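The next block holds one structure in the form of structure tokens; read it before the comments.
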Amino acid sequence: MEYFLQQLINGVTLGSIYGLIAIGYTMVYGIIGMINFAHGEIFMIGSFIALTVFLILAAIGITFLPIVLLLMVIVAMLCTAAWGWTIERIAYRPLRGSFRLAPLITAIGMSIFLQNFVQVTQGARVKPLPPQIQGGITLMDSPSGIVVQISWMQIIIIAMTIILMVGFSLLISKTSLGRQQRACEQDRKMASLLGVNVDRTISLTFVMGASLAAVAGMMYLLYYGVIDFYIGFIAGVKAFTAAVLGGIGSLPGAMLGGLAIGLIETFWSGYFSVEYKDVAAFSILAIVLIFMPSGLLGRPEVEKV
Amino acid sequence: MADTTSPSAANRPEGAERLSEARRDAMRGEPPYSEAPPEDTRLVRALKEGGITAALVAALTLFFFAFRTDIAVGGLSLTASPVVWIIAIAIAFAGRFLLTYFVFAGDTAVVGGWKKVAAGTGRMPIGKILGVLLLFIALTLPILLPQFLPSQNRYLLNLGITILTYVMLGWGLNIVVGLAGLLDLGYVAFYAVGAYSFALLATNFELGFWVCLPMAGLFAAMWGVILGFPVLRLRGDYLAIVTLAFGEIIRIVLLNWYEFTGGPDGILGIPEPSFFGLEFNRRDGSFSDFFGIEYSPIQKFIYLYYIILALALLTNFVTMRLRKLPVGRAWEALREDEIACRSLGINTTNVKLTAFATGAMFGGFAGSFFATKQQFISPESFTFIESAIILAIVVLGGLGSQLGVVIASVAMIGGIELLRKLTVLQAVFGNDFDPTQYRMLIFGLAMVLIMVWKPRGLVSTRSPSAVYKEKKTIGADMVAQGEGH
């Protein structure tokens, strides 16, 4: 029971990170119907920027943790958003209205480019960061010796995810930008006829997705303490799995899918085998898509002739 | 090109007309017509654009060019090198400034000029001539090389083998993606199945290459059906992501099933192919001994080269013949319109499965060739990046175009390999500059640029397999891209 509870907490934390990345996939897929393959790399870039900011701050003597974390989040979100905007501008916008495979190939190309760009500029070796936030709350201390603990870091990750989720849901449902996004999602041509600047809306979608991925990247860095240039691929594939699982195009779905993937992965490695945790996640993806192609919360696609 | 929709100087109201317009606006309660703010001069605009670009590049590269983290004693160290960063910003500014000032200076929009539909007719001979020429070069390469580039002979032959392997893989994937229109991102799984089946059969049962080759193809085809069956109902991008997942699952299983596959250590000591039982070595009864010629290690490479050439040509031949058979036509019909296919009584399940199986079989052949050539395989060789490269070759060449695959393979694989040879760059950037580490970086960038430049691939015409009266080529835009529309 204690073990189960501990795995549950770990799974929810991991799921929160996946969920934040998945939002970027689901928003982009919803609005222009393409898999933004480079999104995982955006997440990786976010974590590298956060790491560098942390080291710069340490070098100039700012060590008060709340300030450090705040600056890390802000700088990482801004710079990663710039990356998201640039990628959309260079690789996707010229191909809008072109055939379906073209943006997929540029996305894969961008992903290869970004991975190698970071590898060349920052080196191929892993970057360890000692844990900055230690300690936590002990929830249960059983006589058998298993301690159920939720660390401060996990609390921060979960709280941050909830705040960002609520904020973005409000942004999508209440602001005019969100309305424009939903309009573009339903019918891009009609939206542009009604005066919505489609290009700008799509760019902002990428910017939003990228800044959320930056937050996820920073929390990944603080939580696991090790990053390298390759973390983006596997995290990206899993986050896309989460987005599809939850129903692509749906924001709560992305979060739900992220949690599901995080929990499946944690429980699988907790109870069965660590080596095959990715197999478990991918199998779930295949099973869900085959039996429930529109995901958990997605709308079924109507086949038009 | 006169653009009539934008308010240019020509259709802006003048004089009395303008006054009456203003009065009418006032009566309607609309704000009066106001002149557009004066446009910036060319210089100011160029400076502005340059400034914006420079600021963007500054933000993008600050944490990658100006700072570098490295592992040091007691954690991470940070080294600052602002010079590179400032140079990058300066290049970005200058580039954008010059582009805006000179290239984008005219009133005509730059965007929109590239929506040309290829006329198509009469372009077939070029493709045919090029095809024959390429075939001739491929056939005579081992003879030509010692004549012209004797010092690079072995290296170039090896490169030729690599390129031909990708050509073969590209042709195999072309069946699935180009003809049947099923987007497969996990093609490398079949390549891996072929390589591992041959390696395991050869090392466990001491079977030779030629016995294992058809078996490897069969195993791969079987896996094509096994993996194809569950994804039959999926469309477009969902299909892509599930095939990607399957590819990863196979790789993870190969990596972790230590007792069977050797895990990350891979399989060593895979036998080389023999020429009708004659081996390529110095011993008695070897190839050179039998024919009474002097032994040279290059003979083995020439042999391997002709094997992969023959396999690749077989793939091409089978594909071209299949396109004329009912099953091949069904593939293309499926790509064009699945619903129409079903309405006309085509069993789409079988059609999709045959496409998967045929493509997988050729992937399996290529895989066992790869194993015999390398004599060592490990899961490292079968990562997603391989699938991405193969798919990129197919799409960059032009989906469904056999010649395009060849051109794209030569351009991408050979072009990237050329980088190794660019020692000239070391003179510019100093001796510690290693061009090979930029290979994949440039590969990725080239993928983006070629796709933006030619979204339909380098070969922009297709020849339909079913013709009425006379044979014509059509523009690639006329061909559907398969599921998900």
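Chain labels A, B, ... are given in the sequence in which chains occur in the structure tokens; within each chain residues are numbered consecutively from 1, and ligands are likewise numbered from 1 in the order shown.
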
Set the cut-off to 8 Å and count only C-alpha atoms: what are the residues of chain B that reach chain A? Output as an mmCIF file with C-alpha atoms, in the first residue's frame.
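Ended up saving to result-v3.cif:
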data_model
loop_
_atom_site.group_PDB
_atom_site.id
_atom_site.type_symbol
_atom_site.label_atom_id
_atom_site.label_comp_id
_atom_site.auth_asym_id
_atom_site.auth_seq_id
_atom_site.Cartn_x
_atom_site.Cartn_y
_atom_site.Cartn_z
ATOM 1 C CA LEU B 56 15.931 37.447 -32.549
ATOM 2 C CA ALA B 59 17.854 35.772 -28.060
ATOM 3 C CA LEU B 60 18.028 32.403 -29.796
ATOM 4 C CA PHE B 63 22.559 30.404 -24.291
ATOM 5 C CA PHE B 64 24.189 28.304 -26.970
ATOM 6 C CA PHE B 65 26.938 30.440 -28.460
ATOM 7 C CA PHE B 67 27.772 30.335 -22.818
ATOM 8 C CA ARG B 68 28.846 26.761 -22.652
ATOM 9 C CA THR B 69 28.442 24.421 -19.720
ATOM 10 C CA ASP B 70 30.954 21.684 -19.129
ATOM 11 C CA ILE B 71 31.444 19.061 -16.511
ATOM 12 C CA GLY B 75 29.738 20.174 -10.659
ATOM 13 C CA LEU B 76 29.395 22.209 -13.809
ATOM 14 C CA SER B 77 31.558 25.002 -15.061
ATOM 15 C CA LEU B 78 30.459 27.841 -17.253
ATOM 16 C CA PRO B 230 -3.508 -3.736 -35.888
ATOM 17 C CA VAL B 231 -2.942 -0.419 -37.622
ATOM 18 C CA ARG B 233 -7.950 1.189 -39.158
ATOM 19 C CA LEU B 234 -5.643 4.100 -38.473
ATOM 20 C CA ASP B 237 -0.611 10.907 -38.671
ATOM 21 C CA TYR B 238 -2.023 8.363 -36.243
ATOM 22 C CA VAL B 242 1.835 4.025 -34.142
ATOM 23 C CA ALA B 245 5.958 3.277 -31.642
ATOM 24 C CA PHE B 246 6.261 -0.219 -33.128
ATOM 25 C CA GLU B 248 10.786 1.742 -31.018
ATOM 26 C CA ILE B 249 9.234 -1.315 -29.341
ATOM 27 C CA ILE B 252 13.819 -1.800 -27.115
ATOM 28 C CA VAL B 253 13.112 -5.524 -27.200
ATOM 29 C CA ASN B 256 16.847 -5.824 -23.563
ATOM 30 C CA ILE B 339 -13.654 5.191 -49.870
ATOM 31 C CA ALA B 388 13.574 9.396 -40.536
ATOM 32 C CA ALA B 392 13.269 11.842 -45.879
ATOM 33 C CA VAL B 395 9.806 12.380 -49.671
ATOM 34 C CA GLN B 437 30.487 16.783 -36.239
ATOM 35 C CA TYR B 438 28.338 19.124 -38.315
ATOM 36 C CA MET B 440 23.774 15.670 -39.019
ATOM 37 C CA LEU B 441 23.278 19.350 -38.297
ATOM 38 C CA ILE B 442 23.609 20.126 -41.986
ATOM 39 C CA PHE B 443 21.559 17.056 -42.864
ATOM 40 C CA GLY B 444 18.655 18.340 -40.783
ATOM 41 C CA LEU B 445 18.934 21.817 -42.198
ATOM 42 C CA ALA B 446 19.109 20.473 -45.749
ATOM 43 C CA MET B 447 15.931 18.478 -45.145
ATOM 44 C CA VAL B 448 14.121 21.653 -44.111
ATOM 45 C CA LEU B 449 15.461 23.777 -46.952
ATOM 46 C CA MET B 451 11.335 20.639 -48.508
ATOM 47 C CA VAL B 452 10.565 24.360 -48.365
ATOM 48 C CA PRO B 455 7.531 20.452 -51.247
ATOM 49 C CA ARG B 456 6.701 17.778 -53.813
ATOM 50 C CA GLN B 481 -0.726 11.593 -50.868
#

So that I can see what lies close to region 164-181 of chain B, please list as a short mmCIF file (atom, residue, chain, number, x, y, z; two decimals) with C-alpha atoms, in the first residue's frame the residues with an atom at most 7 Å from it, counting only C-alpha atoms and leaving out residues fewer than 6 positions away in the same chain.
data_model
loop_
_atom_site.label_atom_id
_atom_site.label_comp_id
_atom_site.auth_asym_id
_atom_site.auth_seq_id
_atom_site.Cartn_x
_atom_site.Cartn_y
_atom_site.Cartn_z
CA ILE B 308 23.50 -4.64 -53.19
CA LEU B 309 23.19 -3.26 -56.71
CA ALA B 312 18.30 -2.75 -55.33
CA THR B 315 13.45 -4.07 -55.73
CA ASN B 316 12.97 -1.56 -58.51
CA TRP B 331 -2.27 0.28 -53.94
CA GLU B 332 -2.37 3.40 -56.04
CA LEU B 334 -6.07 3.19 -52.28
CA ARG B 335 -3.72 6.15 -52.12
CA ALA B 355 1.86 -3.20 -49.29
CA PHE B 356 3.21 -3.50 -45.76
CA GLY B 359 7.83 -3.08 -48.37
CA PHE B 362 12.69 -5.50 -49.19
CA GLY B 363 13.61 -3.84 -45.91
CA ALA B 366 18.49 -4.78 -47.12
CA ILE B 390 14.80 6.76 -45.21
CA ILE B 393 14.94 10.27 -48.92
CA VAL B 394 11.59 9.08 -50.24
CA LEU B 399 6.86 10.37 -53.32
CA GLY B 400 6.26 7.53 -55.70
CA GLN B 402 11.78 5.74 -58.30
CA VAL B 405 14.84 8.11 -54.46
CA VAL B 406 18.15 7.63 -56.25
CA SER B 409 20.06 9.20 -51.73
CA GLN B 481 -0.73 11.59 -50.87
CA GLY B 482 -2.76 8.86 -49.31
CA GLU B 483 -4.62 8.61 -46.06
#

For Lys48 (chain B), list every protein, DNA or RNA residue within 12 Å, evaluated using only C-alpha atoms, and leave out those in the same chain fewer than 3 positions away; present the list as a PyMOL selection string. chain B and resi 40-45+51-55+93-94+96-98+100-101

Extract the full set of helix (DSSP H, G or I) residues from region 15-228 of chain A according to DSSP on the backbone, and format it as a PyMOL selection string. chain A and resi 15-32+39-59+65-95+101-122+152-174+176-186+188-193+198-224

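Every protein, DNA or RNA residue with an atom at most 8 Å from Ala330 (chain B), where only C-alpha atoms count and chain neighbours fewer than 6 positions away do not, is listed here: Cys341, Ile346 and Val351 of chain B.
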
I need the chosen residues saved as a PDB file, in the first residue's frame, with C-alpha atoms.
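File produced: selection30.pdb:
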ATOM      1  CA  CYS B 341     -11.780   1.770 -53.374  1.00  0.00           C
ATOM      2  CA  ILE B 346     -11.449  -3.731 -53.336  1.00  0.00           C
ATOM      3  CA  VAL B 351      -4.276  -4.323 -50.167  1.00  0.00           C
TER       4      VAL B 351
END

Env of Ile298 (chain B): 9 Å cut, atoms = only C-alpha atoms, seq-sep filter 6 positions within chain, self excluded. Answer as a ChimeraX atom specification. /B:153-154,157

Quick one: write out the picked residues with C-alpha atoms as a short mmCIF file (atom, residue, chain, number, x, y, z; two decimals), in the first residue's frame?
data_model
loop_
_atom_site.label_atom_id
_atom_site.label_comp_id
_atom_site.auth_asym_id
_atom_site.auth_seq_id
_atom_site.Cartn_x
_atom_site.Cartn_y
_atom_site.Cartn_z
CA ASN B 153 38.98 3.38 -54.60
CA ARG B 154 38.01 1.51 -51.46
CA LEU B 157 33.26 1.87 -53.23
#

So which residues touch Gly15 (chain A) within 7 Å, counting only C-alpha atoms, skipping near sequence neighbours fewer than 3 positions away, as a tab-separated table (two decimals) with C-alpha atoms, in the first residue's frame?
chain	number	residue	atom	x	y	z
A	11	GLY	CA	3.65	8.93	-11.42
A	12	VAL	CA	1.60	12.08	-11.01
A	18	TYR	CA	4.43	14.96	-19.87
A	19	GLY	CA	1.15	16.83	-19.71
A	258	GLY	CA	-0.01	12.95	-19.62
A	259	LEU	CA	-1.07	11.72	-16.21
A	260	ALA	CA	-2.10	8.37	-17.65
A	261	ILE	CA	1.23	7.89	-19.42
A	262	GLY	CA	3.17	9.00	-16.34
A	263	LEU	CA	1.25	6.60	-14.11

Run DSSP on the backbone and give me the residues of region 55-280 of chain A it puts in strand (DSSP E or B), as a VMD selection string. chain A and resid 127 to 128 136 to 141 147 to 151 226 to 227

Just write the chosen residues, N, CA and C atoms, as a PDB file, in the first residue's frame.
ATOM      1  N   LYS A 127      24.747  16.554 -18.547  1.00  0.00           N
ATOM      2  CA  LYS A 127      24.999  17.669 -17.635  1.00  0.00           C
ATOM      3  C   LYS A 127      24.291  17.396 -16.316  1.00  0.00           C
ATOM      4  N   PRO A 128      25.035  17.066 -15.290  1.00  0.00           N
ATOM      5  CA  PRO A 128      24.386  16.832 -14.004  1.00  0.00           C
ATOM      6  C   PRO A 128      24.232  18.132 -13.214  1.00  0.00           C
ATOM      7  N   GLY A 136      11.061  17.247   2.100  1.00  0.00           N
ATOM      8  CA  GLY A 136       9.681  17.083   1.691  1.00  0.00           C
ATOM      9  C   GLY A 136       8.826  16.783   2.890  1.00  0.00           C
ATOM     10  N   ILE A 137       7.616  16.358   2.615  1.00  0.00           N
ATOM     11  CA  ILE A 137       6.692  16.036   3.697  1.00  0.00           C
ATOM     12  C   ILE A 137       6.549  14.527   3.757  1.00  0.00           C
ATOM     13  N   THR A 138       6.724  13.984   4.922  1.00  0.00           N
ATOM     14  CA  THR A 138       6.512  12.557   5.087  1.00  0.00           C
ATOM     15  C   THR A 138       5.036  12.330   5.352  1.00  0.00           C
ATOM     16  N   LEU A 139       4.405  11.584   4.470  1.00  0.00           N
ATOM     17  CA  LEU A 139       2.970  11.375   4.607  1.00  0.00           C
ATOM     18  C   LEU A 139       2.672  10.181   5.482  1.00  0.00           C
ATOM     19  N   MET A 140       3.512   9.181   5.384  1.00  0.00           N
ATOM     20  CA  MET A 140       3.201   7.945   6.085  1.00  0.00           C
ATOM     21  C   MET A 140       4.510   7.279   6.480  1.00  0.00           C
ATOM     22  N   ASP A 141       4.604   6.828   7.664  1.00  0.00           N
ATOM     23  CA  ASP A 141       5.831   6.177   8.106  1.00  0.00           C
ATOM     24  C   ASP A 141       5.441   4.827   8.682  1.00  0.00           C
ATOM     25  N   VAL A 147       8.770   4.440   3.663  1.00  0.00           N
ATOM     26  CA  VAL A 147       8.312   5.793   3.966  1.00  0.00           C
ATOM     27  C   VAL A 147       7.663   6.379   2.726  1.00  0.00           C
ATOM     28  N   VAL A 148       6.463   6.887   2.891  1.00  0.00           N
ATOM     29  CA  VAL A 148       5.824   7.569   1.769  1.00  0.00           C
ATOM     30  C   VAL A 148       6.110   9.052   1.904  1.00  0.00           C
ATOM     31  N   GLN A 149       6.750   9.591   0.896  1.00  0.00           N
ATOM     32  CA  GLN A 149       7.182  10.965   1.003  1.00  0.00           C
ATOM     33  C   GLN A 149       6.828  11.720  -0.262  1.00  0.00           C
ATOM     34  N   ILE A 150       6.388  12.956  -0.069  1.00  0.00           N
ATOM     35  CA  ILE A 150       6.224  13.818  -1.233  1.00  0.00           C
ATOM     36  C   ILE A 150       7.218  14.955  -1.064  1.00  0.00           C
ATOM     37  N   SER A 151       8.123  15.069  -2.032  1.00  0.00           N
ATOM     38  CA  SER A 151       9.188  16.060  -1.861  1.00  0.00           C
ATOM     39  C   SER A 151       8.682  17.443  -2.260  1.00  0.00           C
ATOM     40  N   VAL A 226      19.635  15.563 -14.374  1.00  0.00           N
ATOM     41  CA  VAL A 226      20.546  15.186 -15.464  1.00  0.00           C
ATOM     42  C   VAL A 226      19.850  15.481 -16.784  1.00  0.00           C
ATOM     43  N   ILE A 227      20.542  16.219 -17.647  1.00  0.00           N
ATOM     44  CA  ILE A 227      19.991  16.415 -18.983  1.00  0.00           C
ATOM     45  C   ILE A 227      21.082  16.166 -20.018  1.00  0.00           C
TER      46      ILE A 227
END

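For the pair CA of Ile231 (chain A) and CA of Ile89 (chain B), the interatomic distance is 28.1 Å.
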